[in-house]
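File shown: structure31.tsv. Contents: TSV, C-alpha atoms and all ligand atoms.
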```
chain	number	residue	atom	x	y	z
A	48	MET	CA	8.13	-2.59	-4.92
A	49	TYR	CA	10.89	-0.53	-6.40
A	50	ILE	CA	9.84	2.38	-8.57
A	51	CYS	CA	13.35	3.59	-9.32
A	52	VAL	CA	15.93	0.85	-9.62
A	53	CYS	CA	18.83	3.21	-10.21
A	54	ASN	CA	18.30	4.98	-6.90
A	55	ALA	CA	16.54	2.18	-4.98
A	56	ILE	CA	13.39	4.26	-4.41
A	57	THR	CA	10.36	2.27	-3.37
A	58	GLU	CA	6.68	2.78	-3.97
A	59	ARG	CA	6.27	3.40	-0.24
A	60	GLN	CA	8.79	6.24	-0.36
A	61	VAL	CA	7.07	7.80	-3.36
A	62	ARG	CA	3.67	7.57	-1.66
A	63	ALA	CA	5.07	9.10	1.52
A	64	SER	CA	6.54	11.98	-0.45
A	65	VAL	CA	3.22	12.58	-2.19
A	66	ASP	CA	1.42	12.38	1.15
A	67	ALA	CA	3.88	14.98	2.46
A	68	GLY	CA	2.98	17.37	-0.36
A	69	ALA	CA	4.86	16.46	-3.53
A	70	THR	CA	2.70	17.40	-6.51
A	71	THR	CA	5.13	17.28	-9.43
A	72	LEU	CA	7.80	14.96	-10.77
A	73	SER	CA	10.31	17.69	-9.95
A	74	ASP	CA	9.20	17.49	-6.31
A	75	LEU	CA	9.83	13.74	-6.31
A	76	GLN	CA	13.18	14.21	-8.01
A	77	PHE	CA	14.22	16.80	-5.42
A	78	GLU	CA	12.90	14.89	-2.41
A	79	LEU	CA	13.87	11.35	-3.36
A	80	GLY	CA	16.15	11.46	-6.37
A	81	VAL	CA	13.69	9.38	-8.35
A	82	ALA	CA	14.15	9.63	-12.13
A	83	THR	CA	17.49	11.40	-11.85
A	84	CYS	CA	19.65	8.76	-13.48
A	85	CYS	CA	18.43	6.84	-16.55
A	86	GLY	CA	14.92	8.33	-16.29
A	87	CYS	CA	13.14	5.08	-17.10
A	88	CYS	CA	11.01	5.41	-13.96
A	89	ALA	CA	9.75	8.94	-14.58
A	90	ALA	CA	6.40	7.96	-16.09
A	91	THR	CA	5.75	5.37	-13.37
A	92	ALA	CA	6.66	7.78	-10.58
A	93	ALA	CA	4.38	10.41	-12.09
A	94	GLU	CA	1.43	8.01	-11.83
A	95	TYR	CA	1.63	8.35	-8.04
A	96	LEU	CA	1.20	12.13	-8.15
A	97	PRO	CA	-2.25	13.66	-7.58
A	98	GLY	CA	-4.45	12.80	-10.56
A	99	GLY	CA	-2.23	9.89	-11.61
A	100	ARG	CA	-3.54	6.37	-12.10
A	101	CYS	CA	-1.95	5.17	-8.87
A	102	SER	CA	-2.79	8.20	-6.75
A	103	SER	CA	-5.87	6.48	-5.35
A	104	VAL	CA	-6.79	3.43	-7.43
A	105	CYS	CA	-3.68	1.54	-6.41
A	106	ASP	CA	-3.99	2.59	-2.78
A	107	VAL	CA	-3.56	-0.74	-1.04
A	108	ARG	CA	-3.06	0.95	2.33
A	109	SER	CA	-6.85	1.12	2.79
A	110	ILE	CA	-7.24	-2.64	2.56
A	111	ALA	CA	-6.62	-4.17	5.96
A	112	VAL	CA	-6.80	-7.92	6.25
A	113	PRO	CA	-5.95	-9.58	9.56
A	114	VAL	CA	-2.91	-11.75	9.02
A	115	ASN	CA	-3.29	-13.68	12.25
A	116	PRO	CA	-6.97	-13.55	13.26
A	117	PRO	CA	-7.78	-14.67	16.80
A	118	ALA	CA	-8.14	-18.43	17.08
A	119	THR	CA	-11.69	-18.53	18.37
A	120	VAL	CA	-13.72	-21.72	18.43
A	121	ALA	CA	-17.45	-21.37	19.03
A	122	GLU	CA	-19.86	-24.08	20.09
A	123	PRO	CA	-22.17	-25.15	17.26
A	124	GLY	CA	-25.13	-22.80	17.22
A	125	ALA	CA	-23.54	-20.32	19.63
A	126	PRO	CA	-22.46	-16.88	18.47
A	127	ALA	CA	-18.76	-16.47	17.91
A	128	ALA	CA	-16.87	-15.17	20.95
A	129	ASN	CA	-15.14	-12.53	18.84
A	130	SER	CA	-17.89	-11.09	16.68
A	131	SER	CA	-15.48	-8.56	15.12
A	132	PHE	CA	-13.94	-11.30	13.00
A	133	PRO	CA	-16.18	-11.85	10.00
A	134	ILE	CA	-15.92	-15.65	9.88
A	135	ALA	CA	-17.30	-17.61	12.82
A	136	LEU	CA	-15.20	-20.67	13.49
A	137	VAL	CA	-17.26	-23.71	14.47
A	138	ALA	CA	-15.84	-26.85	16.04
A	139	THR	CA	-16.72	-30.11	14.35
A	140	ALA	CA	-16.54	-33.52	15.98
A	201	LIG	S1	15.15	3.69	-12.81
A	201	LIG	FE1	14.88	5.63	-11.91
A	201	LIG	S2	16.47	6.81	-12.71
A	201	LIG	FE2	16.79	4.85	-13.53
```
Write the structure described by the file as structure tokens, please.
Amino acid sequence: MYICVCNAITERQVRASVDAGATTLSDLQFELGVATCCGCCAATAAEYLPGGRCSSVCDVRSIAVPVNPPATVAEPGAPAANSSFPIALVATA
């Protein structure tokens, strides 16, 4: 998602800059150029700084969902071959 449309700065870039040590909007402006044109994105960018609403609450990086889980088919009543996948797949006839 773009945070700064004027400078094509994405949320990922802002998060990476904060992870690398940016703590103020001035840091983000210096590092990325965010909020250096029209300024409409300044408040949004600031929410990603430490203490901002998106500094941890919006952290979607910690949610990992397998996109292509292994195609495992277990016999009825038998434990799933890949017990790390939370949903046991059972063949039906
Ligand atoms: S949207 Fe970021 S400076 Fe305009």
- Message: To check your reading of the model: which residues sit at most 8 Å from ligand LIG 201 (chain A) when counting only C-alpha atoms and all ligand atoms? Write the answer as a list in words.
- Response: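 What falls inside 8 Å of ligand LIG 201 (chain A) is Ile50, Cys51, Val52, Cys53, Asn54, Ala55, Ile56, Gly80, Val81, Ala82, Thr83, Cys84, Cys85, Gly86, Cys87, Cys88 and Ala89 of chain A.
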- Name all residues at most 10 Å from region 69-76 of chain A (count all atoms listed in the file; drop same-chain ones fewer than 4 positions away) and give them as a PyMOL selection string. chain A and resi 60-65+80-83+89-90+92-98
- Item | Pick from A:Gly68, A:Glu58, A:Leu79, A:Gly124, whichever lies nearest to Cys101 (chain A) using all atoms listed in the file |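 Among the listed residues, the smallest separation from Cys101 (chain A) belongs to A:Glu58.
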